[in-house]
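Okay, structure first, notes after.
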Amino acid sequence: MTPELVSRDLPATAIVARLRAALADAVSERSPTVERLAHARTSVAFRVAGAPDAVTLDLGRDPVLVEDGDHAEIVLDLRPQDALAFTDGALALAGSIITGDVGHRGPVREYMEVDPILRELLRRGSGHEGEDARRSSCPARIAPELLAIESRGLQKSFGRNRVLAGLDVQIPEGMISVVLGPSGTGKSVLLQHVLGLLRPDAGEVLIRGRALSGMSRSEIMALRREIGVMFQDGALFSAMNIYDNAAFPLRQHTDLTEPEIEEIVMHHLTSVGLGGAIDRMPNELSGGMRKRAGLARALVLNAGIVLCDEPDSGLDPVRTALLGELLVEQHAEHGGTMVVVTHNIMLARLLADHMTIVWRGRVLESGLAQDVLESDTPFVQQFLAGASEGPLGMDA
């Protein structure tokens, strides 16, 4: 029975009680996944239309606490059918906040960072395996306070080659965003600007509302510790085994002891299927294994933003699909924002919550993946279909 039909039969007070029980169950087990919810360091109240009481999830407590009332830093207003879908893990609140289907007050971006984690915990508890609840379309411009990454009028040329021609990208918080487009259209150059490795000729890049142009070198270096990067070929250190490659960021940027580092590294390597390969060198690994090792290294610092640059490069279709499923799993486990740059349509369809199509250094289409994939724009239709006829040619 769909949440819409159930909501007609359940009073709002019963829906609130059901939500409270589901939340309490979701956070009851002490696990690394539940502990990551506390990274938000905030409290959020869920109000259901028609119900006099609300449920608050206090993410600033250890352990996380579920209690009655709406005395919280963030308040979310849910329609009954949305509350039921959320209870079953069938509604991504980050997307619904962006579309306006869920009203909000307070610094909601802090909650959006951990929404994928809570959603997966609720999904496991309910056993939900059906389709997710549909949302309204994404607005043409997303409110800045809901964005993890934004570029405004970004321009970059290399000699006579103009790569970015006024790129306006909006990457929402708490979602897997795919930047899709033909090779050579500026996707990887965008990531280099996000990392502060390149300075734009014009325009601006903002990370969670902070402009890179106003940061000192030390501030940019500190920011990079908040961003994990999965490079095309894994970019592993050839003289280090897999364990030491994954441990490298922790040894460089933290004061953790070796036993603490070992616990973190083994957790991440095991989660990507490499727990039994820790002593192997990069040249002893397949291409897929190197990419998984690179992903584990990108995650060890619990970065709030993870950038994946052409993660499918060099992989066959089966391993591309398996890697895509792994990226979805890791996002649900760790939360935050994941940005995947690719020209692979199959991977984009598998991964994307939000999608941006880039062509000739500009954004051609952007929005929730469902809407972009149904676009009637000629270029989008041609690119998604892989057709030879259309605006994209050999010289484009």
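Residues are named by chain letter and number: chains run A, B, ... in the order of the structure tokens, numbers start at 1 in each chain, and ligands are numbered from 1 in the order shown.
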
Set out as a Markdown table a contact list for region 130-155 of chain A and region 371-384 of chain A with a cut-off of 10 Å, giving each residue of region 130-155 of chain A that qualifies its closest atom pair and distance in Å to one decimal, counting only C-alpha atoms, ordered by chain and rising residue number.
| residue | atom | partner | partner_atom | distance |
| --- | --- | --- | --- | --- |
| A:Ser136 | CA | A:Asp371 | CA | 9.4 |
| A:Ser137 | CA | A:Asp371 | CA | 6.8 |
| A:Cys138 | CA | A:Asp371 | CA | 8.2 |

Saved selection, atoms kept: N, CA and C atoms, as an mmCIF file, in the first residue's frame:
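Listing of again.cif after writing:
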data_model
loop_
_atom_site.group_PDB
_atom_site.id
_atom_site.type_symbol
_atom_site.label_atom_id
_atom_site.label_comp_id
_atom_site.auth_asym_id
_atom_site.auth_seq_id
_atom_site.Cartn_x
_atom_site.Cartn_y
_atom_site.Cartn_z
ATOM 1 N N SER A 136 8.527 17.256 -6.569
ATOM 2 C CA SER A 136 8.314 18.290 -7.568
ATOM 3 C C SER A 136 9.634 18.572 -8.284
ATOM 4 N N SER A 137 9.567 19.371 -9.325
ATOM 5 C CA SER A 137 10.774 19.709 -10.066
ATOM 6 C C SER A 137 11.645 20.675 -9.266
ATOM 7 N N CYS A 138 12.929 20.632 -9.566
ATOM 8 C CA CYS A 138 13.898 21.512 -8.918
ATOM 9 C C CYS A 138 13.729 22.931 -9.461
#

Margin query: Residues of region 203-387 of chain A classed as strand (DSSP E or B) by DSSP on the backbone are to be reported as a ChimeraX atom specification.
Written below: /A:203-207,210-211,227-230,305-309,337-342,354-359,362-368

Next item on the list: Please provide the set of residues having any atom within 12 Å of Ile171 (chain A), restricted to only C-alpha atoms, with same-chain residues fewer than 4 positions apart removed, written as number ranges by chain.
Entry: A: 94-95, 98, 138, 141-152, 175-179, 191, 194, 205-209, 305-307, 336-340, 352-356, 366-368

Prev. selection, C-alpha atoms, output as a CSV table (one decimal), in the first residue's frame:
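Below you can see part-v2.csv, which holds the result:
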chain,number,residue,atom,x,y,z
A,94,ALA,CA,17.5,16.8,0.9
A,95,GLY,CA,15.8,16.7,-2.5
A,98,ILE,CA,15.3,21.8,-2.4
A,138,CYS,CA,13.9,21.5,-8.9
A,141,ARG,CA,18.0,28.5,-9.0
A,142,ILE,CA,18.6,26.7,-5.7
A,143,ALA,CA,18.8,28.9,-2.6
A,144,PRO,CA,22.5,29.4,-1.8
A,145,GLU,CA,22.1,28.1,1.8
A,146,LEU,CA,21.2,24.7,0.4
A,147,LEU,CA,24.3,24.3,-1.8
A,148,ALA,CA,27.5,22.5,-1.1
A,149,ILE,CA,29.3,23.9,-4.2
A,150,GLU,CA,28.5,26.7,-6.5
A,151,SER,CA,30.3,28.4,-9.4
A,152,ARG,CA,29.2,31.8,-10.7
A,175,MET,CA,23.0,14.3,-2.7
A,176,ILE,CA,24.9,12.5,-5.4
A,177,SER,CA,25.3,15.1,-8.1
A,178,VAL,CA,26.6,14.0,-11.5
A,179,VAL,CA,28.3,16.5,-13.8
A,191,LEU,CA,36.9,20.1,-10.1
A,194,VAL,CA,36.7,23.5,-6.6
A,205,VAL,CA,33.7,29.3,-6.7
A,206,LEU,CA,31.9,28.9,-3.4
A,207,ILE,CA,32.2,26.0,-1.0
A,208,ARG,CA,29.3,25.9,1.4
A,209,GLY,CA,28.9,29.6,1.0
A,305,ILE,CA,32.4,16.5,0.1
A,306,VAL,CA,33.7,13.8,-2.1
A,307,LEU,CA,34.8,14.5,-5.7
A,336,GLY,CA,27.6,14.5,2.8
A,337,THR,CA,27.8,15.5,-0.9
A,338,MET,CA,29.2,13.4,-3.7
A,339,VAL,CA,30.1,14.9,-7.0
A,340,VAL,CA,30.8,12.5,-9.9
A,352,ALA,CA,22.5,10.7,-9.9
A,353,ASP,CA,20.1,12.4,-7.6
A,354,HIS,CA,20.9,15.7,-9.2
A,355,MET,CA,22.4,16.1,-12.7
A,356,THR,CA,24.2,18.9,-14.5
A,366,SER,CA,20.5,21.2,-14.5
A,367,GLY,CA,18.1,19.8,-12.0
A,368,LEU,CA,16.9,16.6,-10.3

Checklist line | Within 12 Å of Gly288 (chain A) using only C-alpha atoms, minus same-chain residues under 5 positions, as a PyMOL selection string | finding: chain A and resi 232-234+272-274+282+293-295+311-324+326

Expected file contents, prior selection, N, CA and C atoms, as a PDB file, in the first residue's frame:
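Written file, result06.pdb:
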ATOM      1  N   GLN A 232      40.908   9.598 -11.366  1.00  0.00           N
ATOM      2  CA  GLN A 232      40.550   8.697 -12.451  1.00  0.00           C
ATOM      3  C   GLN A 232      41.185   7.317 -12.306  1.00  0.00           C
ATOM      4  N   ASP A 233      42.485   7.278 -12.065  1.00  0.00           N
ATOM      5  CA  ASP A 233      43.193   5.991 -12.003  1.00  0.00           C
ATOM      6  C   ASP A 233      43.513   5.575 -10.572  1.00  0.00           C
ATOM      7  N   GLY A 234      42.905   6.241  -9.605  1.00  0.00           N
ATOM      8  CA  GLY A 234      43.189   5.952  -8.204  1.00  0.00           C
ATOM      9  C   GLY A 234      44.294   6.818  -7.649  1.00  0.00           C
ATOM     10  N   VAL A 272      35.019  -1.350   1.031  1.00  0.00           N
ATOM     11  CA  VAL A 272      35.124  -1.358  -0.436  1.00  0.00           C
ATOM     12  C   VAL A 272      35.636  -2.695  -0.960  1.00  0.00           C
ATOM     13  N   GLY A 273      35.674  -3.692  -0.088  1.00  0.00           N
ATOM     14  CA  GLY A 273      36.039  -5.038  -0.512  1.00  0.00           C
ATOM     15  C   GLY A 273      37.518  -5.312  -0.623  1.00  0.00           C
ATOM     16  N   LEU A 274      38.343  -4.531   0.074  1.00  0.00           N
ATOM     17  CA  LEU A 274      39.799  -4.716  -0.018  1.00  0.00           C
ATOM     18  C   LEU A 274      40.424  -5.066   1.325  1.00  0.00           C
ATOM     19  N   PRO A 282      50.135  -1.247  -5.522  1.00  0.00           N
ATOM     20  CA  PRO A 282      49.233  -0.804  -6.588  1.00  0.00           C
ATOM     21  C   PRO A 282      49.404  -1.556  -7.902  1.00  0.00           C
ATOM     22  N   ALA A 293      40.456   1.334  -3.957  1.00  0.00           N
ATOM     23  CA  ALA A 293      41.437   1.796  -2.971  1.00  0.00           C
ATOM     24  C   ALA A 293      41.473   3.319  -2.929  1.00  0.00           C
ATOM     25  N   GLY A 294      41.373   3.938  -4.103  1.00  0.00           N
ATOM     26  CA  GLY A 294      41.334   5.396  -4.154  1.00  0.00           C
ATOM     27  C   GLY A 294      40.102   5.952  -3.480  1.00  0.00           C
ATOM     28  N   LEU A 295      38.987   5.249  -3.597  1.00  0.00           N
ATOM     29  CA  LEU A 295      37.763   5.686  -2.926  1.00  0.00           C
ATOM     30  C   LEU A 295      37.916   5.579  -1.414  1.00  0.00           C
ATOM     31  N   PRO A 311      35.272   8.208 -12.525  1.00  0.00           N
ATOM     32  CA  PRO A 311      35.590   6.979 -11.799  1.00  0.00           C
ATOM     33  C   PRO A 311      35.479   5.717 -12.646  1.00  0.00           C
ATOM     34  N   ASP A 312      34.747   5.783 -13.770  1.00  0.00           N
ATOM     35  CA  ASP A 312      34.560   4.614 -14.620  1.00  0.00           C
ATOM     36  C   ASP A 312      35.634   4.479 -15.686  1.00  0.00           C
ATOM     37  N   SER A 313      36.576   5.408 -15.740  1.00  0.00           N
ATOM     38  CA  SER A 313      37.602   5.397 -16.785  1.00  0.00           C
ATOM     39  C   SER A 313      38.363   4.075 -16.802  1.00  0.00           C
ATOM     40  N   GLY A 314      38.388   3.415 -17.957  1.00  0.00           N
ATOM     41  CA  GLY A 314      39.139   2.178 -18.111  1.00  0.00           C
ATOM     42  C   GLY A 314      38.432   0.925 -17.629  1.00  0.00           C
ATOM     43  N   LEU A 315      37.189   1.039 -17.165  1.00  0.00           N
ATOM     44  CA  LEU A 315      36.470  -0.127 -16.651  1.00  0.00           C
ATOM     45  C   LEU A 315      35.466  -0.643 -17.687  1.00  0.00           C
ATOM     46  N   ASP A 316      35.257  -1.957 -17.677  1.00  0.00           N
ATOM     47  CA  ASP A 316      34.240  -2.535 -18.553  1.00  0.00           C
ATOM     48  C   ASP A 316      32.855  -2.256 -17.967  1.00  0.00           C
ATOM     49  N   PRO A 317      31.793  -2.465 -18.744  1.00  0.00           N
ATOM     50  CA  PRO A 317      30.448  -2.119 -18.266  1.00  0.00           C
ATOM     51  C   PRO A 317      30.041  -2.796 -16.962  1.00  0.00           C
ATOM     52  N   VAL A 318      30.428  -4.058 -16.779  1.00  0.00           N
ATOM     53  CA  VAL A 318      30.041  -4.762 -15.552  1.00  0.00           C
ATOM     54  C   VAL A 318      30.710  -4.133 -14.344  1.00  0.00           C
ATOM     55  N   ARG A 319      32.012  -3.882 -14.448  1.00  0.00           N
ATOM     56  CA  ARG A 319      32.724  -3.296 -13.307  1.00  0.00           C
ATOM     57  C   ARG A 319      32.314  -1.831 -13.089  1.00  0.00           C
ATOM     58  N   THR A 320      31.929  -1.159 -14.151  1.00  0.00           N
ATOM     59  CA  THR A 320      31.391   0.197 -13.991  1.00  0.00           C
ATOM     60  C   THR A 320      30.110   0.164 -13.174  1.00  0.00           C
ATOM     61  N   ALA A 321      29.230  -0.801 -13.472  1.00  0.00           N
ATOM     62  CA  ALA A 321      27.976  -0.927 -12.723  1.00  0.00           C
ATOM     63  C   ALA A 321      28.248  -1.269 -11.270  1.00  0.00           C
ATOM     64  N   LEU A 322      29.209  -2.168 -11.025  1.00  0.00           N
ATOM     65  CA  LEU A 322      29.543  -2.550  -9.652  1.00  0.00           C
ATOM     66  C   LEU A 322      30.134  -1.364  -8.886  1.00  0.00           C
ATOM     67  N   LEU A 323      30.979  -0.590  -9.568  1.00  0.00           N
ATOM     68  CA  LEU A 323      31.547   0.592  -8.917  1.00  0.00           C
ATOM     69  C   LEU A 323      30.454   1.609  -8.617  1.00  0.00           C
ATOM     70  N   GLY A 324      29.501   1.765  -9.536  1.00  0.00           N
ATOM     71  CA  GLY A 324      28.395   2.680  -9.296  1.00  0.00           C
ATOM     72  C   GLY A 324      27.593   2.291  -8.069  1.00  0.00           C
ATOM     73  N   LEU A 326      28.694   0.627  -5.564  1.00  0.00           N
ATOM     74  CA  LEU A 326      29.544   0.882  -4.401  1.00  0.00           C
ATOM     75  C   LEU A 326      29.508   2.354  -4.013  1.00  0.00           C
TER      76      LEU A 326
END

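The protein and nucleic acid residues lying at most 7 Å from Pro182 (chain A) are Thr185, His343 and Trp359 of chain A, with only C-alpha atoms considered and sequence neighbours fewer than 3 positions away removed.
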
Write out, as a tab-separated table, each residue of region 324-351 of chain A that has an atom at most 6 Å from region 112-122 of chain A, together with the closest pair of atoms and their distance in Å to one decimal, counting only C-alpha atoms, rows going by chain and rising number.
residue	atom	partner	partner_atom	distance
A:Ala332	CA	A:Pro116	CA	5.0
A:Glu333	CA	A:Ile117	CA	5.6
A:Gly335	CA	A:Val114	CA	5.0
A:Gly336	CA	A:Glu113	CA	4.3

Env of region 45-51 of chain A: 9 Å cut, atoms = only C-alpha atoms, seq-sep filter 3 positions within chain, self excluded. Answer as a PDB file with C-alpha atoms, in the first residue's frame.
ATOM      1  CA  PRO A  11      -4.571  10.299  11.767  1.00  0.00           C
ATOM      2  CA  ALA A  12      -1.652  12.708  11.911  1.00  0.00           C
ATOM      3  CA  THR A  13      -0.957  11.806  15.553  1.00  0.00           C
ATOM      4  CA  ALA A  14      -0.535   8.145  14.587  1.00  0.00           C
ATOM      5  CA  ILE A  15       1.868   9.119  11.793  1.00  0.00           C
ATOM      6  CA  VAL A  16       3.948  11.112  14.280  1.00  0.00           C
ATOM      7  CA  LEU A  19       7.845   8.294  12.799  1.00  0.00           C
ATOM      8  CA  ALA A  54       6.441  16.992  16.812  1.00  0.00           C
ATOM      9  CA  VAL A  55       9.420  14.639  17.076  1.00  0.00           C
ATOM     10  CA  THR A  56      12.943  15.961  17.614  1.00  0.00           C
ATOM     11  CA  LEU A  57      16.140  14.194  16.684  1.00  0.00           C
ATOM     12  CA  ASP A  58      19.017  15.592  18.748  1.00  0.00           C
ATOM     13  CA  ASP A  68       8.995  14.758  21.799  1.00  0.00           C
ATOM     14  CA  GLY A  69       8.545  18.441  20.989  1.00  0.00           C
ATOM     15  CA  ASP A  70       9.906  20.907  18.452  1.00  0.00           C
ATOM     16  CA  HIS A  71      12.496  22.786  20.499  1.00  0.00           C
ATOM     17  CA  ALA A  72      15.173  22.287  17.868  1.00  0.00           C
ATOM     18  CA  GLU A  73      17.619  24.345  15.834  1.00  0.00           C
ATOM     19  CA  ILE A  74      16.017  23.108  12.588  1.00  0.00           C
ATOM     20  CA  VAL A  75      12.310  22.503  11.946  1.00  0.00           C
ATOM     21  CA  LEU A  76      11.008  20.504   8.976  1.00  0.00           C
ATOM     22  CA  ASP A  77       7.314  20.627   8.012  1.00  0.00           C
ATOM     23  CA  LEU A  78       6.067  17.406   6.420  1.00  0.00           C
ATOM     24  CA  ARG A  79       2.822  16.527   4.715  1.00  0.00           C
ATOM     25  CA  PRO A  80       1.359  13.263   6.083  1.00  0.00           C
ATOM     26  CA  ASP A  82       5.770  12.620   2.960  1.00  0.00           C
ATOM     27  CA  ALA A  83       6.181  11.785   6.649  1.00  0.00           C
TER      28      ALA A  83
END
